Amino acid sequence: MTEEEEAGKQLDDPLRVARLQGIRSYVEDDKYGYLDLAGIYSADPLAETPFVVTGTFIPEEIGGSVTVVNSDRDPEETLARENLNQMLNNFLPGGYKKRWGNFDLWRGAWDHQSKPGHADIGPMFDWADSYPLTELLGDVSDVAYTEPDFDPQAVRVYEPLSVRVTQEDKGNPSYVWIPEKGLPWIGNPPMASEDLSSDPTTNYLWFKHSPEPFDADLADVDSSELIAGFSFDDQREFVRCYYASLLTLYPRNGTRTRTETVRYRNEADDTDAFVASHERSQLLTFELDRDTIRSRIEHALETHPRLKRDLQFALLESNIWKRLFFHEEAIDHVFAIDPLVEHLMGVDYWQREVKDEDLGVFGLPGTRLARNIERLLPDDSSRHLRILGHEDRAVSDVHSTVKENPGPLAELLARSRNDELLMNFAERVFVHSAEHALSTWSNDLTGSGTSFELWYDLKFQEEDSNTARIAVYDPIQGGAGIAKEVHGHLREESPDIESGLAAQARCHSATADRATIDLLASYPDGSLYDIYRNDHEDFLSLVRETIESWIDGKTGYSVDDLVSYVEQRTQSLFETRELAEFYSYVASEYESVEEVVGRVPRVVDLALHLDRHVFTDPSIKTTYDRFANDSGRRDIAELGERLGELTVQCVTACPDCLKTDPGLCLHGTGQQEAQLNRRLLAAVLTQ
């Protein structure tokens, strides 16, 4: 043996002994009655985290593993090794979770000694690495990676090595809010606090970024002008950055909820902090030609003016989130956004029907908007928006928001009617929708039942790229072969990709809703009730004819499923002859309302239409009055509930088509539906 070999052996022996000792201690631990490779890797001092056991059946979720430590013990006690993303989604500030031991209550060991609205996460973690945000993202001054504004130069990214948690009293947790700090707490904080009736509802805000450039070597798609090509990465890394907690609070002595945003700092470094996990997996990427996208969107909006108006309201809602909720903090809680949008739609109906103004609400300055809201919220609770249970203007949160923010609202309305801004928004919505469609279509190809992780390049517009990049990847660290299998299908079978993605936009729920409305509208006198009760086969034949007139031979639909959906919907509407006559009559008015508003009618449109409508049938008028007179109270709005049964619920997206688990979608905190559009996706992909 040479001297070099002898020196190498001497160096290697202590390491080998250390590895064997770690593995032996794991095997001999009384707490474990079994042997698994993940446990051995955890005990191995040379194993690198996150542990990837290649070629075995043991799956590890993306993000890798992290040690969880009970910080209440001295010395600290290791509780478990857990998936890092799961721990961050449970224990970053605002999160409380029952887990470990006797299903005890735990929270992250972060501290309230920080700037107001910030939590010090330094005590909660040991760090594996940290670096400036600009080192990860580069120059991102023009890219909206985060919902609240951050100065990228002032942020540092931290990657956890271990997570510290502290045990709380699960029998009497005593959740509170500390106004001075802008933070939740538990127990008895050392300053004034407000009691909460429960723990906050916590949503974590995050984004993903791929540090490495993408390979330009794409496989061509000869059958598509829109898809520039696709590629497969056997190993792609993303960094998921958590940057804030969105908390909904429930005060103990009151009924008014509110939402607060908590950001993170590491006071040891005196810097704002993003907490990061590394996600390594196999990636399937598509690149979409932007010139083709924009040309097709322009044609779609010219061909489908109702789609354009619905997109304008989606843009308005998205901007309300960004401007009034996150930036201006003019809206108290996330649950107040939908009522604000509903009021604006009510004004839109009024402007188009009563004032005969084509621009509707989008043509109003801020002061006139406030006056219109006042008109629709009279002190008399039996009219206008009050019949949907909204408060009178003296106590209306919506009226206060509109009155106190005339300038920002006027700007948002003007931006929504700007064709260039609408085109940019529509392009982002299309790319985001295509990303979701790629996930569900990939699942259809393999039949795996896997929920793919989703990603699209946020920078494609700001960087003026020629293509927009969308991708899906396996939820298993290192990949499980599912994305690779889809890639194999694409290379070997050359399926019609555009048709496959378009089929994901064909929503059975929305189609069944609209077919039900059309079917009832064909019998405005309610005579369909007799057919339904006395000749069910004839009824099913009518249902099938109505459905087939709507889908017109399009693939991606199951006619049998749609027939079943419409049958169930009709059954719920036809409980009695009185209800059948009422719903049939309202359905017959639906189309005229659609003509007035120039978009998919919502409950507020039908309610305002019926409020001004002259009923010629006394029995239907009696039914309407009964529902309307039960409205106007805070605890009930029966007319709204009844009309909601006769509208298309999926206007942009729903779980039956494009909407997915909030934890998978970048916009999942509340904006997901506004940032998706199944009708736009179908209109662009079927040209």
# chains A, B, ... in the order shown; residues from 1 in each chain; ligands from 1
$ select_by_dssp --residues "region 269-497 of chain A" --states "helix (DSSP H, G or I)" --output "ChimeraX atom specification"
/A:290-303,305-327,334-353,360-363,366-376,384-388,397-404,406-416,419-446,482-493,497
$ write_last_selection --atoms "C-alpha atoms" --output "short mmCIF file (atom, residue, chain, number, x, y, z; two decimals), in the first residue's frame"
data_model
loop_
_atom_site.label_atom_id
_atom_site.label_comp_id
_atom_site.auth_asym_id
_atom_site.auth_seq_id
_atom_site.Cartn_x
_atom_site.Cartn_y
_atom_site.Cartn_z
CA ARG A 290 -46.24 35.60 -27.24
CA ASP A 291 -46.98 37.12 -30.65
CA THR A 292 -49.45 34.32 -31.33
CA ILE A 293 -50.95 34.60 -27.84
CA ARG A 294 -51.59 38.33 -28.14
CA SER A 295 -52.95 38.07 -31.68
CA ARG A 296 -55.39 35.37 -30.64
CA ILE A 297 -56.42 37.22 -27.48
CA GLU A 298 -57.17 40.32 -29.54
CA HIS A 299 -59.35 38.26 -31.88
CA ALA A 300 -61.07 36.53 -28.94
CA LEU A 301 -61.99 39.81 -27.25
CA GLU A 302 -63.35 41.23 -30.52
CA THR A 303 -65.37 38.07 -31.16
CA PRO A 305 -67.46 41.07 -26.11
CA ARG A 306 -69.03 39.48 -23.03
CA LEU A 307 -65.75 37.74 -22.30
CA LYS A 308 -64.05 41.14 -22.52
CA ARG A 309 -66.39 42.71 -19.94
CA ASP A 310 -65.89 39.79 -17.56
CA LEU A 311 -62.13 40.22 -17.96
CA GLN A 312 -62.51 43.91 -17.12
CA PHE A 313 -64.15 42.97 -13.82
CA ALA A 314 -61.45 40.36 -13.17
CA LEU A 315 -58.81 43.05 -13.74
CA LEU A 316 -60.71 45.38 -11.41
CA GLU A 317 -60.88 42.73 -8.69
CA SER A 318 -57.19 41.91 -9.08
CA ASN A 319 -56.27 45.59 -8.77
CA ILE A 320 -58.53 46.00 -5.73
CA TRP A 321 -56.49 43.27 -4.06
CA LYS A 322 -53.18 44.89 -4.98
CA ARG A 323 -54.02 48.56 -4.48
CA LEU A 324 -56.77 48.85 -1.87
CA PHE A 325 -56.04 45.75 0.18
CA PHE A 326 -52.26 45.34 0.17
CA HIS A 327 -50.94 48.82 -0.64
CA VAL A 334 -60.34 39.65 2.72
CA PHE A 335 -64.04 38.88 3.14
CA ALA A 336 -64.87 42.52 2.29
CA ILE A 337 -63.50 42.31 -1.25
CA ASP A 338 -66.32 40.22 -2.74
CA PRO A 339 -69.06 42.55 -1.37
CA LEU A 340 -67.20 45.56 -2.82
CA VAL A 341 -67.03 43.91 -6.24
CA GLU A 342 -70.71 42.96 -5.98
CA HIS A 343 -71.65 46.59 -5.26
CA LEU A 344 -69.60 47.74 -8.24
CA MET A 345 -71.40 45.22 -10.43
CA GLY A 346 -74.68 46.56 -9.10
CA VAL A 347 -73.65 50.06 -10.16
CA ASP A 348 -72.61 48.62 -13.52
CA TYR A 349 -76.10 47.17 -14.05
CA TRP A 350 -77.71 50.47 -13.03
CA GLN A 351 -75.52 52.53 -15.36
CA ARG A 352 -76.20 50.31 -18.35
CA GLU A 353 -79.90 49.67 -17.78
CA GLY A 360 -71.26 51.11 -17.15
CA VAL A 361 -69.36 51.47 -13.89
CA PHE A 362 -66.04 51.87 -15.74
CA GLY A 363 -67.03 55.34 -16.95
CA GLY A 366 -64.79 58.41 -7.89
CA THR A 367 -67.30 60.95 -6.53
CA ARG A 368 -70.10 59.81 -8.86
CA LEU A 369 -69.34 56.21 -7.91
CA ALA A 370 -69.94 57.04 -4.25
CA ARG A 371 -73.27 58.69 -5.10
CA ASN A 372 -74.34 55.63 -7.08
CA ILE A 373 -73.50 53.37 -4.16
CA GLU A 374 -75.60 55.63 -1.91
CA ARG A 375 -78.53 55.39 -4.33
CA LEU A 376 -78.38 51.59 -4.27
CA HIS A 384 -82.07 47.79 -4.56
CA LEU A 385 -78.98 46.20 -2.98
CA ARG A 386 -80.66 46.06 0.42
CA ILE A 387 -82.77 43.10 -0.74
CA LEU A 388 -79.54 41.07 -0.86
CA ASP A 397 -68.31 49.12 5.02
CA VAL A 398 -68.48 49.16 1.23
CA HIS A 399 -69.92 52.68 1.19
CA SER A 400 -67.21 53.86 3.58
CA THR A 401 -64.47 52.32 1.43
CA VAL A 402 -65.82 53.91 -1.74
CA LYS A 403 -66.39 57.30 -0.12
CA GLU A 404 -62.94 57.41 1.50
CA PRO A 406 -62.54 58.07 -4.61
CA GLY A 407 -59.18 58.71 -6.27
CA PRO A 408 -57.77 55.15 -6.15
CA LEU A 409 -61.11 53.65 -7.20
CA ALA A 410 -61.47 56.06 -10.12
CA GLU A 411 -57.96 55.09 -11.21
CA LEU A 412 -58.74 51.38 -10.98
CA LEU A 413 -61.92 51.81 -13.03
CA ALA A 414 -60.02 53.78 -15.66
CA ARG A 415 -57.28 51.13 -15.81
CA SER A 416 -59.92 48.43 -16.31
CA ASP A 419 -57.37 48.34 -23.80
CA GLU A 420 -53.57 48.04 -23.53
CA LEU A 421 -53.67 47.29 -19.81
CA LEU A 422 -56.52 44.85 -20.36
CA MET A 423 -54.50 43.09 -23.07
CA ASN A 424 -51.50 42.74 -20.73
CA PHE A 425 -53.74 41.40 -17.99
CA ALA A 426 -55.47 38.98 -20.39
CA GLU A 427 -52.08 37.66 -21.51
CA ARG A 428 -51.02 36.98 -17.91
CA VAL A 429 -54.37 35.33 -17.21
CA PHE A 430 -54.04 33.16 -20.30
CA VAL A 431 -50.51 32.03 -19.37
CA HIS A 432 -51.58 31.30 -15.79
CA SER A 433 -54.64 29.40 -17.05
CA ALA A 434 -52.51 27.42 -19.50
CA GLU A 435 -50.22 26.46 -16.60
CA HIS A 436 -53.19 25.04 -14.67
CA ALA A 437 -54.49 23.32 -17.80
CA LEU A 438 -51.07 21.74 -18.39
CA SER A 439 -51.25 20.22 -14.91
CA THR A 440 -54.69 18.64 -15.34
CA TRP A 441 -53.99 17.53 -18.92
CA SER A 442 -50.70 15.91 -17.87
CA ASN A 443 -52.61 14.05 -15.20
CA ASP A 444 -55.11 12.87 -17.82
CA LEU A 445 -52.29 11.51 -19.98
CA THR A 446 -50.81 9.37 -17.21
CA ILE A 482 -44.52 11.27 -13.66
CA ALA A 483 -43.39 14.39 -15.53
CA LYS A 484 -40.92 12.18 -17.39
CA GLU A 485 -43.75 9.86 -18.40
CA VAL A 486 -45.75 12.80 -19.78
CA HIS A 487 -42.69 13.91 -21.72
CA GLY A 488 -42.44 10.41 -23.18
CA HIS A 489 -46.07 10.61 -24.34
CA LEU A 490 -45.36 13.92 -26.05
CA ARG A 491 -42.26 12.62 -27.85
CA GLU A 492 -43.65 9.26 -28.91
CA GLU A 493 -47.34 9.90 -29.59
CA ILE A 497 -51.48 19.66 -27.35
#
$ atom_distance --atom1 "CA of Ser527 (chain A)" --atom2 "CA of Ser584 (chain A)"
8.7 Å
$ residues_around --residues "Asn83 (chain A)" --least-positions-apart "5" --cutoff "9 Å" --atoms "only C-alpha atoms" --output "short mmCIF file (atom, residue, chain, number, x, y, z; two decimals) with N, CA, C and O atoms, in the first residue's frame"
data_model
loop_
_atom_site.label_atom_id
_atom_site.label_comp_id
_atom_site.auth_asym_id
_atom_site.auth_seq_id
_atom_site.Cartn_x
_atom_site.Cartn_y
_atom_site.Cartn_z
N GLU A 60 -40.18 11.40 -0.75
CA GLU A 60 -39.96 12.56 0.10
C GLU A 60 -40.52 13.77 -0.61
O GLU A 60 -40.22 14.02 -1.77
N GLU A 61 -41.39 14.51 0.06
CA GLU A 61 -42.02 15.65 -0.58
C GLU A 61 -40.99 16.71 -0.94
O GLU A 61 -39.95 16.84 -0.30
N ILE A 62 -41.32 17.48 -1.99
CA ILE A 62 -40.42 18.55 -2.40
C ILE A 62 -40.17 19.50 -1.24
O ILE A 62 -41.03 19.72 -0.39
N GLY A 63 -38.99 20.06 -1.21
CA GLY A 63 -38.61 20.97 -0.13
C GLY A 63 -37.64 20.35 0.83
O GLY A 63 -36.93 21.06 1.56
N GLY A 64 -37.59 19.00 0.85
CA GLY A 64 -36.63 18.33 1.72
C GLY A 64 -37.09 18.27 3.16
O GLY A 64 -38.17 18.72 3.53
N SER A 65 -36.26 17.71 4.00
CA SER A 65 -36.57 17.48 5.41
C SER A 65 -35.84 18.47 6.31
O SER A 65 -34.80 19.01 5.94
N VAL A 66 -36.40 18.66 7.48
CA VAL A 66 -35.80 19.57 8.46
C VAL A 66 -36.02 18.98 9.85
O VAL A 66 -37.03 18.31 10.10
N THR A 67 -35.08 19.21 10.74
CA THR A 67 -35.21 18.75 12.13
C THR A 67 -36.10 19.72 12.91
O THR A 67 -35.91 20.94 12.84
N LEU A 88 -43.09 25.06 7.45
CA LEU A 88 -43.22 26.49 7.23
C LEU A 88 -44.68 26.88 7.06
O LEU A 88 -45.10 27.96 7.50
#
$ residues_around --residues "Lys659 (chain A)" --least-positions-apart "4" --cutoff "12 Å" --atoms "only C-alpha atoms" --output "PyMOL selection string"
chain A and resi 432-437+439-440+454+504-505+507+650-655+663-668+670-678
$ residues_around --residues "Arg164 (chain A)" --least-positions-apart "4" --cutoff "7 Å" --atoms "only C-alpha atoms" --output "list in words"
Val68, Val69, Asn70, Ser71, Gly108, Ala109, Met124 and Phe125 of chain A
$ residues_around --residues "region 514-526 of chain A" --least-positions-apart "2" --cutoff "8 Å" --atoms "only C-alpha atoms" --output "list of chain:residue names"
A:Ala510, A:Thr511, A:Ala512, A:Leu528, A:Tyr529, A:Leu542, A:Val543, A:Thr546, A:Ile547, A:Trp550, A:Val566, A:Arg569, A:Thr570, A:Arg577, A:Ala580, A:Glu581, A:Phe582, A:Tyr583, A:Ser584, A:Tyr585, A:Val586, A:Ala587, A:Ser588, A:Glu589, A:Tyr590, A:Leu646, A:Thr647, A:Val648
$ residues_around --residues "Asp392 (chain A)" --least-positions-apart "2" --cutoff "9 Å" --atoms "only C-alpha atoms" --output "list of chain:residue names"
A:Glu374, A:Leu377, A:Pro378, A:Asp379, A:Asp380, A:Ser381, A:Leu385, A:Arg386, A:His390, A:Ala394, A:Val395, A:Ser396, A:His399, A:Gly632
$ write_last_selection --atoms "all heavy atoms" --output "short mmCIF file (atom, residue, chain, number, x, y, z; two decimals), in the first residue's frame"
data_model
loop_
_atom_site.label_atom_id
_atom_site.label_comp_id
_atom_site.auth_asym_id
_atom_site.auth_seq_id
_atom_site.Cartn_x
_atom_site.Cartn_y
_atom_site.Cartn_z
N GLU A 374 -74.59 55.11 -2.84
CA GLU A 374 -75.60 55.63 -1.91
C GLU A 374 -77.00 55.37 -2.43
O GLU A 374 -77.91 55.00 -1.67
CB GLU A 374 -75.38 57.12 -1.70
CG GLU A 374 -74.14 57.47 -0.90
CD GLU A 374 -73.93 58.97 -0.78
OE1 GLU A 374 -74.77 59.72 -1.32
OE2 GLU A 374 -72.93 59.38 -0.16
N LEU A 377 -78.14 51.87 -1.86
CA LEU A 377 -78.23 51.46 -0.45
C LEU A 377 -79.18 52.39 0.29
O LEU A 377 -78.78 53.14 1.19
CB LEU A 377 -76.84 51.48 0.21
CG LEU A 377 -75.83 50.46 -0.29
CD1 LEU A 377 -74.46 50.71 0.35
CD2 LEU A 377 -76.29 49.04 -0.01
N PRO A 378 -80.45 52.36 -0.04
CA PRO A 378 -81.41 53.27 0.60
C PRO A 378 -81.68 52.87 2.05
O PRO A 378 -81.40 51.74 2.46
CB PRO A 378 -82.67 53.12 -0.25
CG PRO A 378 -82.58 51.72 -0.77
CD PRO A 378 -81.11 51.46 -1.00
N ASP A 379 -82.20 53.83 2.80
CA ASP A 379 -82.59 53.51 4.18
C ASP A 379 -83.72 52.49 4.22
O ASP A 379 -83.83 51.69 5.15
CB ASP A 379 -83.01 54.79 4.91
CG ASP A 379 -81.84 55.74 5.11
OD1 ASP A 379 -80.70 55.24 5.21
OD2 ASP A 379 -82.07 56.97 5.14
N ASP A 380 -84.58 52.54 3.21
CA ASP A 380 -85.66 51.56 3.08
C ASP A 380 -85.04 50.24 2.65
O ASP A 380 -84.52 50.12 1.55
CB ASP A 380 -86.68 52.05 2.05
CG ASP A 380 -87.82 51.06 1.86
OD1 ASP A 380 -87.81 50.03 2.55
OD2 ASP A 380 -88.69 51.33 1.02
N SER A 381 -85.11 49.24 3.47
CA SER A 381 -84.40 47.99 3.22
C SER A 381 -85.07 47.11 2.17
O SER A 381 -84.58 46.04 1.87
CB SER A 381 -84.24 47.19 4.52
OG SER A 381 -85.51 46.83 5.02
N LEU A 385 -79.93 47.17 -3.54
CA LEU A 385 -78.98 46.20 -2.98
C LEU A 385 -79.37 45.73 -1.58
O LEU A 385 -78.88 44.69 -1.12
CB LEU A 385 -77.57 46.81 -2.93
CG LEU A 385 -76.89 47.04 -4.29
CD1 LEU A 385 -75.54 47.71 -4.09
CD2 LEU A 385 -76.72 45.74 -5.05
N ARG A 386 -80.25 46.45 -0.93
CA ARG A 386 -80.66 46.06 0.42
C ARG A 386 -81.39 44.72 0.41
O ARG A 386 -81.38 44.00 1.42
CB ARG A 386 -81.53 47.14 1.05
CG ARG A 386 -80.86 48.49 1.27
CD ARG A 386 -79.66 48.40 2.23
NE ARG A 386 -79.95 47.70 3.46
CZ ARG A 386 -80.66 48.22 4.47
NH1 ARG A 386 -81.13 49.46 4.39
NH2 ARG A 386 -80.88 47.53 5.57
N HIS A 390 -77.47 43.57 2.20
CA HIS A 390 -76.41 44.54 2.47
C HIS A 390 -76.93 45.64 3.40
O HIS A 390 -78.10 46.02 3.36
CB HIS A 390 -75.91 45.16 1.16
CG HIS A 390 -75.21 44.18 0.27
ND1 HIS A 390 -74.06 43.53 0.66
CD2 HIS A 390 -75.49 43.73 -0.98
CE1 HIS A 390 -73.66 42.72 -0.31
NE2 HIS A 390 -74.51 42.83 -1.31
N ALA A 394 -75.43 54.13 6.04
CA ALA A 394 -74.91 54.72 7.28
C ALA A 394 -73.90 53.81 7.97
O ALA A 394 -73.00 54.28 8.67
CB ALA A 394 -76.07 55.04 8.23
N VAL A 395 -74.04 52.51 7.78
CA VAL A 395 -73.14 51.55 8.45
C VAL A 395 -72.42 50.64 7.46
O VAL A 395 -71.72 49.72 7.87
CB VAL A 395 -73.92 50.69 9.47
CG1 VAL A 395 -74.44 51.55 10.60
CG2 VAL A 395 -75.05 49.94 8.80
N SER A 396 -72.57 50.90 6.17
CA SER A 396 -72.01 50.02 5.16
C SER A 396 -70.49 50.19 5.05
O SER A 396 -69.98 51.28 4.81
CB SER A 396 -72.64 50.31 3.80
OG SER A 396 -71.94 49.66 2.76
N HIS A 399 -69.70 51.26 1.43
CA HIS A 399 -69.92 52.68 1.19
C HIS A 399 -68.78 53.51 1.77
O HIS A 399 -68.29 54.46 1.15
CB HIS A 399 -71.25 53.13 1.78
CG HIS A 399 -71.53 54.59 1.59
ND1 HIS A 399 -71.60 55.47 2.65
CD2 HIS A 399 -71.72 55.32 0.47
CE1 HIS A 399 -71.83 56.69 2.18
NE2 HIS A 399 -71.92 56.62 0.86
N GLY A 632 -82.67 41.82 3.56
CA GLY A 632 -82.42 43.09 4.22
C GLY A 632 -81.97 42.97 5.65
O GLY A 632 -81.77 43.97 6.32
#
$ closest_residue --among "A:Ala471, A:Val165, A:Leu458, A:Ala268" --to "Phe232 (chain A)" --atoms "only C-alpha atoms"
A:Ala471
$ atom_distance --atom1 "CA of Gln687 (chain A)" --atom2 "CA of Ala216 (chain A)"
27.1 Å
$ atom_distance --atom1 "CA of Phe103 (chain A)" --atom2 "CA of Pro173 (chain A)"
14.0 Å
$ closest_residue --among "A:Arg417, A:Asp270, A:Ser558, A:Ser499" --to "Ser223 (chain A)" --atoms "only C-alpha atoms"
A:Ser499
$ closest_residue --among "A:Ile476, A:Val163, A:Leu246, A:Ile121" --to "Glu77 (chain A)" --atoms "only C-alpha atoms"
A:Val163
